[in-house]
file upload20.tsv (TSV, C-alpha atoms and all ligand atoms)
chain	number	residue	atom	x	y	z
A	27	MET	CA	125.79	120.73	74.53
A	28	THR	CA	122.31	120.52	73.04
A	29	LEU	CA	119.41	120.22	75.45
A	30	GLN	CA	119.10	116.50	74.68
A	31	GLN	CA	122.81	116.00	75.37
A	32	GLN	CA	122.48	117.85	78.67
A	33	PHE	CA	119.68	115.51	79.77
A	34	ASP	CA	121.59	112.47	78.50
A	35	ASP	CA	124.66	113.53	80.47
A	36	ILE	CA	122.85	113.23	83.83
A	37	PRO	CA	124.02	109.89	85.23
A	38	GLY	CA	121.72	107.12	86.46
A	39	THR	CA	118.60	108.98	85.34
A	40	THR	CA	116.02	108.23	82.65
A	41	LEU	CA	113.82	111.01	81.32
A	42	PHE	CA	110.27	109.87	80.57
A	43	ASP	CA	110.10	111.59	77.21
A	44	ALA	CA	108.02	111.03	74.07
A	45	GLN	CA	110.13	108.12	72.81
A	46	ARG	CA	110.04	106.29	76.18
A	47	SER	CA	106.33	106.95	76.57
A	48	ARG	CA	105.62	105.37	73.17
A	49	GLN	CA	107.93	102.44	73.88
A	50	GLY	CA	106.48	101.83	77.34
A	51	TYR	CA	102.80	102.45	76.64
A	52	HIS	CA	101.57	98.88	77.15
A	53	LEU	CA	103.98	98.18	80.00
A	54	ASN	CA	102.68	101.23	81.84
A	55	MET	CA	99.06	100.46	81.02
A	56	PHE	CA	99.51	96.94	82.42
A	57	CYS	CA	100.74	98.58	85.66
A	58	MET	CA	97.73	100.88	85.59
A	59	SER	CA	95.39	97.87	85.46
A	60	LEU	CA	96.68	96.90	88.92
A	61	MET	CA	94.80	99.81	90.46
A	62	LYS	CA	91.77	97.50	90.53
A	63	ALA	CA	91.73	94.98	93.36
A	64	GLU	CA	90.34	92.23	91.10
A	65	ASN	CA	93.18	92.70	88.61
A	66	ARG	CA	95.74	92.57	91.41
A	67	ALA	CA	94.26	89.25	92.49
A	68	ALA	CA	94.21	87.86	88.94
A	69	PHE	CA	97.80	88.94	88.32
A	70	LYS	CA	99.00	87.37	91.56
A	71	ALA	CA	97.21	84.11	90.74
A	72	ASN	CA	98.84	83.78	87.31
A	73	GLU	CA	101.36	86.45	86.41
A	74	ALA	CA	102.41	85.22	82.96
A	75	GLY	CA	98.80	84.46	82.02
A	76	PHE	CA	97.58	87.88	83.11
A	77	LEU	CA	100.28	89.58	81.02
A	78	GLU	CA	98.99	87.92	77.85
A	79	GLN	CA	96.25	90.55	77.58
A	80	PHE	CA	98.89	93.21	76.96
A	81	PRO	CA	100.93	93.47	73.74
A	82	LEU	CA	104.28	93.60	75.53
A	83	THR	CA	107.64	92.86	73.97
A	84	PRO	CA	109.33	89.66	75.23
A	85	ALA	CA	111.94	91.83	76.98
A	86	GLN	CA	109.25	93.84	78.77
A	87	ARG	CA	107.40	90.68	79.84
A	88	ASP	CA	110.64	89.21	81.12
A	89	ALA	CA	111.57	92.35	83.06
A	90	ILE	CA	108.12	92.41	84.71
A	91	LEU	CA	108.23	88.75	85.73
A	92	LYS	CA	111.79	89.14	87.07
A	93	ARG	CA	110.93	92.46	88.78
A	94	ASP	CA	113.93	94.01	87.04
A	95	TRP	CA	113.04	97.62	87.93
A	96	ASN	CA	115.90	99.30	86.08
A	97	GLY	CA	115.15	97.01	83.14
A	98	MET	CA	111.51	98.10	83.10
A	99	ILE	CA	112.59	101.76	83.17
A	100	ALA	CA	114.99	101.17	80.28
A	101	LEU	CA	112.09	99.62	78.31
A	102	GLY	CA	109.81	102.64	78.75
A	103	GLY	CA	108.42	102.08	82.24
A	104	ASN	CA	107.71	105.14	84.36
A	105	ILE	CA	108.24	105.03	88.10
A	106	TYR	CA	104.72	106.20	89.01
A	107	PHE	CA	103.24	103.42	86.89
A	108	LEU	CA	105.72	100.87	88.21
A	109	ALA	CA	104.55	101.94	91.67
A	110	LYS	CA	101.27	100.09	91.01
A	111	LEU	CA	103.27	96.91	90.44
A	112	PHE	CA	105.51	97.22	93.50
A	113	SER	CA	102.55	98.23	95.65
A	114	THR	CA	100.86	95.02	94.49
A	115	ASP	CA	104.01	93.25	95.72
A	116	GLY	CA	103.71	95.11	99.03
A	117	LEU	CA	106.92	97.07	98.47
A	118	SER	CA	107.50	100.76	99.24
A	119	PHE	CA	109.07	103.46	97.07
A	120	GLN	CA	112.10	103.37	99.33
A	121	HIS	CA	112.47	99.60	99.02
A	122	VAL	CA	112.42	99.74	95.22
A	123	ALA	CA	114.68	102.80	95.12
A	124	ALA	CA	117.24	100.82	97.13
A	125	LEU	CA	116.99	97.92	94.65
A	126	MET	CA	117.50	100.28	91.70
A	127	THR	CA	120.66	101.73	93.23
A	128	GLY	CA	122.08	98.28	93.94
A	129	SER	CA	122.32	98.87	97.68
A	130	THR	CA	120.75	96.95	100.53
A	131	GLN	CA	117.69	98.29	102.33
A	132	PRO	CA	119.58	99.30	105.47
A	133	GLU	CA	122.39	100.96	103.48
A	134	TYR	CA	119.95	102.98	101.43
A	135	ALA	CA	117.80	103.96	104.43
A	136	GLN	CA	120.94	105.06	106.26
A	137	MET	CA	122.10	107.11	103.26
A	138	MET	CA	118.76	108.94	103.33
A	139	LEU	CA	119.00	109.51	107.09
A	140	ASN	CA	122.48	110.95	106.50
A	141	GLY	CA	121.00	113.54	104.15
A	142	GLY	CA	120.65	111.59	100.92
A	143	ARG	CA	122.87	111.24	97.87
A	144	CYS	CA	124.89	114.43	97.39
A	145	ALA	CA	124.45	116.33	94.13
A	146	ASP	CA	128.23	116.87	94.06
A	147	GLY	CA	129.80	114.11	92.01
A	148	ASN	CA	126.41	113.07	90.60
A	149	ARG	CA	125.70	115.73	87.99
A	150	SER	CA	127.53	114.36	84.96
A	151	LYS	CA	128.27	110.95	83.50
A	152	SER	CA	131.92	111.98	83.31
A	153	GLU	CA	132.00	112.16	87.11
A	154	TRP	CA	130.71	108.58	87.35
A	155	GLN	CA	133.22	107.38	84.74
A	156	GLN	CA	136.11	108.90	86.68
A	157	ARG	CA	134.99	107.06	89.76
A	158	GLY	CA	134.92	103.85	87.68
B	23	MET	CA	85.43	140.30	95.70
B	24	ALA	CA	87.30	137.03	96.16
B	25	ASP	CA	90.87	137.45	97.24
B	26	ILE	CA	94.00	135.28	97.32
B	27	ILE	CA	95.47	136.16	100.67
B	28	ALA	CA	98.31	133.68	100.99
B	29	GLY	CA	100.24	130.85	99.42
B	30	VAL	CA	101.45	127.62	100.94
B	31	ALA	CA	104.03	125.28	99.43
B	32	THR	CA	104.66	121.80	100.69
B	33	SER	CA	106.01	118.43	99.63
B	34	HIS	CA	103.38	115.72	99.19
B	35	VAL	CA	105.32	112.48	99.82
B	36	PRO	CA	103.00	109.42	99.88
B	37	ALA	CA	104.82	107.92	102.91
B	38	ILE	CA	103.73	110.98	104.92
B	39	GLY	CA	100.11	110.08	104.20
B	40	ALA	CA	100.77	106.48	105.22
B	41	ALA	CA	102.42	107.64	108.47
B	42	ILE	CA	99.34	109.72	109.32
B	43	ASP	CA	96.88	107.00	108.33
B	44	LEU	CA	98.73	104.33	110.32
B	45	GLY	CA	99.10	106.50	113.44
B	46	LYS	CA	102.91	106.73	113.22
B	47	THR	CA	103.31	110.50	113.51
B	48	GLN	CA	104.90	110.32	116.97
B	49	GLU	CA	107.48	107.70	116.00
B	50	PRO	CA	111.06	109.00	116.15
B	51	TYR	CA	111.44	108.88	112.36
B	52	TRP	CA	108.34	110.99	111.72
B	53	GLN	CA	108.00	113.18	114.81
B	54	PRO	CA	110.40	115.95	113.67
B	55	LEU	CA	108.56	116.23	110.37
B	56	PHE	CA	105.10	116.61	111.85
B	57	LYS	CA	106.42	119.05	114.44
B	58	GLY	CA	107.41	121.28	111.53
B	59	TYR	CA	103.77	121.62	110.50
B	60	GLU	CA	102.29	122.45	113.91
B	61	ALA	CA	102.68	126.21	113.46
B	62	SER	CA	101.21	125.93	109.96
B	63	LYS	CA	98.12	124.14	111.22
B	64	LYS	CA	97.55	126.92	113.76
B	65	TRP	CA	98.11	129.53	111.08
B	66	ILE	CA	95.60	128.07	108.63
B	67	ALA	CA	93.04	127.46	111.41
B	68	ALA	CA	93.26	131.18	112.20
B	69	VAL	CA	93.08	132.21	108.53
B	70	GLU	CA	89.97	130.06	107.92
B	71	PRO	CA	90.08	130.08	104.11
B	72	ASP	CA	86.79	129.55	102.30
B	73	VAL	CA	88.55	127.89	99.38
B	74	VAL	CA	91.96	126.33	98.74
B	75	ILE	CA	93.18	126.15	95.15
B	76	LEU	CA	95.46	123.13	95.35
B	77	VAL	CA	98.13	122.80	92.68
B	78	TYR	CA	99.47	119.25	92.57
B	79	ASN	CA	100.29	116.52	90.14
B	80	ASP	CA	98.49	113.30	89.51
B	81	HIS	CA	100.84	110.29	89.80
B	82	ALA	CA	99.32	107.94	87.23
B	83	SER	CA	96.10	107.84	89.24
B	84	ALA	CA	93.25	109.77	87.62
B	85	PHE	CA	95.26	110.17	84.41
B	86	SER	CA	97.10	107.27	82.83
B	87	LEU	CA	98.89	107.51	79.48
B	88	GLU	CA	95.52	107.63	77.71
B	89	ILE	CA	95.00	111.33	78.38
B	90	ILE	CA	97.76	113.63	79.61
B	91	PRO	CA	96.49	117.15	80.28
B	92	THR	CA	99.17	119.75	80.99
B	93	PHE	CA	96.81	121.72	83.25
B	94	ALA	CA	93.53	120.18	84.48
B	95	LEU	CA	91.11	122.03	86.73
B	96	GLY	CA	88.68	120.05	88.87
B	97	CYS	CA	85.26	121.68	88.47
B	98	ALA	CA	83.21	118.97	90.20
B	99	ALA	CA	81.36	119.25	93.50
B	100	GLU	CA	83.23	116.30	94.99
B	101	PHE	CA	86.42	114.29	94.48
B	102	GLN	CA	87.07	110.89	96.07
B	103	PRO	CA	90.55	109.75	97.11
B	104	THR	CA	92.17	107.33	94.61
B	105	ASP	CA	93.00	103.68	95.23
B	106	GLU	CA	96.69	103.95	94.30
B	107	GLY	CA	97.32	100.24	94.60
B	108	TRP	CA	96.95	99.76	98.36
B	109	GLY	CA	93.35	101.00	98.83
B	110	PRO	CA	92.16	104.64	99.01
B	111	ARG	CA	93.50	106.79	101.87
B	112	PRO	CA	90.97	106.92	104.74
B	113	VAL	CA	90.43	110.67	104.41
B	114	PRO	CA	87.23	112.63	103.79
B	115	ALA	CA	85.99	113.21	100.25
B	116	VAL	CA	87.16	116.56	98.92
B	117	LYS	CA	84.38	119.10	98.39
B	118	GLY	CA	84.95	121.28	95.36
B	119	ASP	CA	83.70	124.73	94.48
B	120	PRO	CA	82.16	124.34	91.01
B	121	GLU	CA	81.07	127.95	90.77
B	122	LEU	CA	84.50	129.44	91.40
B	123	ALA	CA	86.26	126.65	89.49
B	124	TRP	CA	84.18	127.24	86.35
B	125	HIS	CA	84.72	130.96	86.70
B	126	ILE	CA	88.49	130.41	86.85
B	127	ALA	CA	88.37	128.06	83.86
B	128	GLN	CA	86.50	130.58	81.72
B	129	SER	CA	88.67	133.46	82.80
B	130	VAL	CA	92.06	131.80	82.25
B	131	ILE	CA	91.05	130.25	78.93
B	132	LEU	CA	90.04	133.68	77.62
B	133	ASP	CA	93.39	134.82	79.04
B	134	GLU	CA	94.99	132.21	76.70
B	135	PHE	CA	95.76	129.50	79.28
B	136	ASP	CA	93.97	126.59	77.65
B	137	LEU	CA	93.39	124.27	80.55
B	138	THR	CA	91.36	121.08	80.63
B	139	ILE	CA	88.05	121.09	82.51
B	140	VAL	CA	87.53	117.95	84.60
B	141	ASN	CA	84.13	116.97	85.99
B	142	ASN	CA	84.98	113.50	87.17
B	143	MET	CA	88.26	112.45	88.71
B	144	THR	CA	89.71	110.97	91.86
B	145	VAL	CA	92.52	112.73	93.73
B	146	ASP	CA	95.71	110.99	94.83
B	147	HIS	CA	98.34	111.58	97.54
B	148	GLY	CA	99.56	114.65	95.67
B	149	LEU	CA	96.39	116.43	96.78
B	150	THR	CA	95.38	114.63	99.98
B	151	VAL	CA	98.77	114.64	101.75
B	152	PRO	CA	99.06	118.46	101.76
B	153	LEU	CA	95.48	118.66	103.13
B	154	SER	CA	96.39	116.22	105.91
B	155	LEU	CA	99.58	118.14	106.72
B	156	MET	CA	97.75	121.45	107.00
B	157	PHE	CA	94.41	120.36	108.45
B	158	GLY	CA	95.19	117.15	110.34
B	159	GLN	CA	92.55	114.44	110.49
B	160	PRO	CA	89.11	116.11	110.60
B	161	LYS	CA	85.85	114.29	109.76
B	162	GLU	CA	85.31	116.79	106.95
B	163	TRP	CA	87.88	119.10	105.34
B	164	PRO	CA	87.21	122.57	106.76
B	165	CYS	CA	87.05	124.34	103.38
B	166	ARG	CA	86.26	123.77	99.74
B	167	VAL	CA	89.16	122.66	97.53
B	168	ILE	CA	89.69	123.27	93.81
B	169	PRO	CA	92.17	120.72	92.45
B	170	LEU	CA	94.56	121.95	89.75
B	171	ALA	CA	96.52	119.02	88.35
B	172	VAL	CA	99.72	119.76	86.43
B	173	ASN	CA	101.52	117.22	84.27
B	174	VAL	CA	105.05	116.70	85.61
B	175	VAL	CA	105.27	112.98	84.78
B	176	GLN	CA	105.43	112.98	80.97
B	177	TYR	CA	108.27	115.12	79.65
B	178	PRO	CA	107.97	118.00	78.92
B	179	PRO	CA	106.00	119.50	81.79
B	180	PRO	CA	105.06	123.18	81.46
B	181	THR	CA	108.01	125.55	81.92
B	182	GLY	CA	108.53	127.34	85.20
B	183	ASN	CA	107.81	130.60	83.40
B	184	ARG	CA	104.51	129.29	82.06
B	185	CYS	CA	103.55	128.17	85.56
B	186	TYR	CA	104.47	131.53	87.04
B	187	ASN	CA	102.39	133.41	84.50
B	188	PHE	CA	99.53	130.95	84.88
B	189	GLY	CA	99.51	131.82	88.58
B	190	LYS	CA	99.04	135.46	87.63
B	191	ALA	CA	96.09	134.56	85.40
B	192	ILE	CA	94.53	132.55	88.21
B	193	ARG	CA	94.82	135.51	90.52
B	194	LYS	CA	93.13	137.77	87.99
B	195	ALA	CA	90.35	135.21	87.67
B	196	VAL	CA	89.83	134.93	91.42
B	197	GLU	CA	89.77	138.69	91.86
B	198	SER	CA	87.09	139.06	89.20
B	199	PHE	CA	84.76	136.67	91.05
B	200	ASP	CA	82.13	138.78	92.73
B	201	LYS	CA	81.64	136.91	95.98
B	202	ASP	CA	83.56	137.66	99.13
B	203	LEU	CA	85.82	134.66	99.51
B	204	LYS	CA	89.13	134.12	101.26
B	205	VAL	CA	91.29	131.98	99.01
B	206	VAL	CA	94.63	130.34	99.81
B	207	ILE	CA	96.63	128.74	97.01
B	208	PHE	CA	98.82	125.67	97.62
B	209	GLY	CA	101.78	124.70	95.41
B	210	THR	CA	102.86	121.15	96.19
B	211	GLY	CA	105.49	118.51	95.36
B	212	GLY	CA	109.27	118.53	95.63
B	213	MET	CA	111.68	119.40	96.99
B	214	SER	CA	114.78	117.61	95.75
B	215	HIS	CA	114.20	113.90	95.21
B	216	GLN	CA	114.81	111.15	92.72
B	217	LEU	CA	112.82	107.92	92.88
B	218	GLN	CA	114.25	106.06	89.91
B	219	GLY	CA	117.44	104.49	88.64
B	220	PRO	CA	120.97	104.24	90.06
B	221	ARG	CA	120.93	107.93	91.10
B	222	ALA	CA	117.81	107.48	93.30
B	223	GLY	CA	118.06	109.17	96.68
B	224	LEU	CA	119.53	112.40	95.37
B	225	ILE	CA	119.03	115.34	97.76
B	226	ASN	CA	120.34	118.86	97.24
B	227	ARG	CA	119.93	121.02	100.31
B	228	GLU	CA	121.77	124.00	98.76
B	229	PHE	CA	119.50	124.01	95.72
B	230	ASP	CA	116.39	123.69	97.88
B	231	THR	CA	117.50	126.50	100.22
B	232	ARG	CA	118.16	128.79	97.28
B	233	PHE	CA	114.77	127.91	95.82
B	234	LEU	CA	113.03	128.75	99.11
B	235	ASP	CA	115.02	132.01	99.40
B	236	ASN	CA	114.23	133.05	95.85
B	237	LEU	CA	110.49	132.59	96.27
B	238	THR	CA	110.59	136.01	97.93
B	239	ARG	CA	113.99	137.35	96.83
B	240	ASP	CA	113.86	136.68	93.10
B	241	PRO	CA	110.90	134.61	91.84
B	242	GLN	CA	111.64	135.76	88.28
B	243	ALA	CA	114.98	133.98	88.43
B	244	LEU	CA	113.17	130.80	89.48
B	245	ALA	CA	110.74	131.25	86.61
B	246	ARG	CA	113.66	131.34	84.16
B	247	MET	CA	115.17	128.08	85.39
B	248	GLN	CA	115.18	125.31	82.77
B	249	HIS	CA	113.87	121.77	83.25
B	250	VAL	CA	117.31	120.27	82.83
B	251	GLU	CA	118.58	122.23	85.81
B	252	TYR	CA	115.78	120.91	88.03
B	253	VAL	CA	116.53	117.34	86.96
B	254	ARG	CA	120.31	117.61	87.29
B	255	GLU	CA	120.32	119.56	90.57
B	256	ALA	CA	117.15	118.40	92.34
B	257	GLY	CA	116.61	114.91	90.89
B	258	SER	CA	114.24	113.61	88.25
B	259	GLU	CA	111.22	114.12	90.54
B	260	GLY	CA	112.48	117.52	91.73
B	261	ILE	CA	110.87	118.85	88.56
B	262	GLU	CA	107.64	118.95	90.61
B	263	MET	CA	108.82	122.28	91.98
B	264	VAL	CA	107.61	124.08	88.84
B	265	MET	CA	104.19	123.74	90.50
B	266	TRP	CA	105.30	125.99	93.35
B	267	LEU	CA	105.66	128.77	90.77
B	268	ILE	CA	101.93	128.73	90.02
B	269	MET	CA	101.35	129.47	93.70
B	270	ARG	CA	104.04	132.16	93.63
B	271	GLY	CA	102.67	133.82	90.51
B	272	ALA	CA	99.25	134.12	92.15
B	273	LEU	CA	100.68	136.32	94.94
B	274	ASP	CA	101.89	139.92	95.11
B	275	ASP	CA	105.45	140.62	93.97
B	276	ASP	CA	106.23	141.69	97.54
B	277	ALA	CA	104.58	138.75	99.32
B	278	LYS	CA	106.26	138.07	102.67
B	279	GLU	CA	107.66	134.80	103.91
B	280	ILE	CA	106.07	134.09	107.29
B	281	TYR	CA	107.11	130.49	107.87
B	282	ARG	CA	109.58	127.94	106.55
B	283	PHE	CA	110.41	124.33	107.35
B	284	TYR	CA	112.89	121.94	105.77
B	285	HIS	CA	113.55	118.33	106.70
B	286	VAL	CA	115.47	115.39	105.24
B	287	PRO	CA	114.33	112.67	104.77
B	288	ALA	CA	110.77	111.57	104.34
B	289	SER	CA	111.35	108.26	102.60
B	290	ASN	CA	113.34	109.37	99.49
B	291	THR	CA	112.53	113.06	99.64
B	292	ALA	CA	113.63	116.42	101.02
B	293	VAL	CA	110.52	117.94	102.58
B	294	GLY	CA	110.16	121.67	102.04
B	295	HIS	CA	107.39	123.89	103.28
B	296	ILE	CA	106.87	127.65	103.15
B	297	ILE	CA	104.03	130.08	103.79
B	298	LEU	CA	103.88	133.40	101.94
B	299	GLU	CA	101.36	136.12	102.76
B	300	ASN	CA	100.23	139.03	100.64
B	301	PRO	CA	100.61	142.40	102.32
B	302	ARG	CA	97.23	143.62	103.58
C	401	FE	FE	104.60	114.04	93.54

call {"tool": "encode", "arguments": {"input": "upload20.tsv", "output": "structure tokens"}}
result
Amino acid sequence: MTLQQQFDDIPGTTLFDAQRSRQGYHLNMFCMSLMKAENRAAFKANEAGFLEQFPLTPAQRDAILKRDWNGMIALGGNIYFLAKLFSTDGLSFQHVAALMTGSTQPEYAQMMLNGGRCADGNRSKSEWQQRG
Amino acid sequence: MADIIAGVATSHVPAIGAAIDLGKTQEPYWQPLFKGYEASKKWIAAVEPDVVILVYNDHASAFSLEIIPTFALGCAAEFQPTDEGWGPRPVPAVKGDPELAWHIAQSVILDEFDLTIVNNMTVDHGLTVPLSLMFGQPKEWPCRVIPLAVNVVQYPPPTGNRCYNFGKAIRKAVESFDKDLKVVIFGTGGMSHQLQGPRAGLINREFDTRFLDNLTRDPQALARMQHVEYVREAGSEGIEMVMWLIMRGALDDDAKEIYRFYHVPASNTAVGHIILENPR
């Protein structure tokens, strides 16, 4: 496998590489704007209106408004930038991680208390396909 | 002569900072974690370093996508904690050491490590959480701190090998500074964790244990490890562990492990912590 294929074979994981960084530039810079309290307030008051300052694609705008976290990552969002958005919403890293895995809060928290998601069975997309 | 006498590695999970700031350290969830740092606090209080060189990564705080330095050395006299979206952490401002920092910058650049010199930046949980873990909640941090921010957010970060060799260049720089200073170097971040996507929550205790073992047993093997292995085995954010290799490179080949602590979980993360001392 080439290096790219090795990265691509890791299941459920998105590498924030050059292509994603270019694609997600404005999405991530919108998130960055939320580090200022006045921008957080303006965004909360009128989310769609606030987003008009940023040249986002319709899909990116939609994913932001719907808080589709995996969708934002697929469209070039990076988790540390998205953190500004979910912090504005008052959500924690663990809360959003649970949402991205499709589990409930208590299920996810319990998985972590039990030692987390095992690396075994989670290294290759082929392992996820077998599981179906 | 200034001297690097020891290295400390520790995770820098933001939730740990929140637990400290909100007075939750004795809650059942957090108590075992903070207990693991009690010996380390005593150790560093006894060592009394003059300066800590703190290797960490900025998490879209001081650096957005506008400027992405691979290595950035804080040369300012003071660094304020960042407002990461929920207000700045209520911790003291970090006092730098401009004289030593500029000396290191000049030395490593002439040694062909072309880092970025930063005179104005805030510092996020990546830097302040390790300080809180090691020094508790003082009114002022007890020593000067030189921040060294490493890009591990935008792929590709520097290789483990580059980090390891950079550590060696930093040591050379410190040792050519003609003031008597006790320096401790921190490598932070990790251990295994993944914060994004359907594979979030990944933890790999075996990988982490081997990594901790090899810091003394075979650091060269760690330096050879490829990015893809970190991501596959230790999660997308496990890549932060390349920063530990800067700390390791700045120590003697035969540095001794004097303390280790490992705990799962802190939020989404496996917390790892180790102290290595140079032989005297
Ligand atoms: Fe980090």

call {"tool": "residues_near_ligand", "arguments": {"input": "upload20.tsv", "ligand": "ligand FE 401 (chain C)", "cutoff": "10 Å", "atoms": "only C-alpha atoms and all ligand atoms", "output": "NGL selection string"}}
result
(:A and (106)) or (:B and (33-36 or 78-81 or 146-149 or 174-175 or 210-213 or 215 or 259-263))

call {"tool": "closest_atom_pairs", "arguments": {"input": "upload20.tsv", "of": "region 145-178 of chain B", "to": "region 39-57 of chain A", "cutoff": "9 Å", "atoms": "all atoms listed in the file", "output": "JSON lines"}}
result
{"residue": "B:Val175", "atom": "CA", "partner": "A:Phe42", "partner_atom": "CA", "distance": 7.2}
{"residue": "B:Gln176", "atom": "CA", "partner": "A:Phe42", "partner_atom": "CA", "distance": 5.8}
{"residue": "B:Tyr177", "atom": "CA", "partner": "A:Asp43", "partner_atom": "CA", "distance": 4.7}
{"residue": "B:Pro178", "atom": "CA", "partner": "A:Asp43", "partner_atom": "CA", "distance": 7.0}

call {"tool": "closest_residue", "arguments": {"input": "upload20.tsv", "among": "A:Leu111, A:Leu77, A:Ala100, A:Met137", "to": "Gly219 (chain B)", "atoms": "all atoms listed in the file"}}
result
A:Ala100

call {"tool": "interface_residues", "arguments": {"input": "upload20.tsv", "of": "chain B", "to": "chain A", "cutoff": "6 Å", "atoms": "only C-alpha atoms", "output": "PyMOL selection string"}}
result
chain B and resi 81-82+106-107+176-177+217+219-226+254+286-287+289

call {"tool": "axis_aligned_box", "arguments": {"input": "upload20.tsv", "around": "region 126-139 of chain A", "padding_each_side": "3 Å", "output": "AutoDock Vina command-line options"}}
result
--center_x 119.9 --center_y 103.2 --center_z 99.4 --size_x 10.9 --size_y 18.6 --size_z 21.4
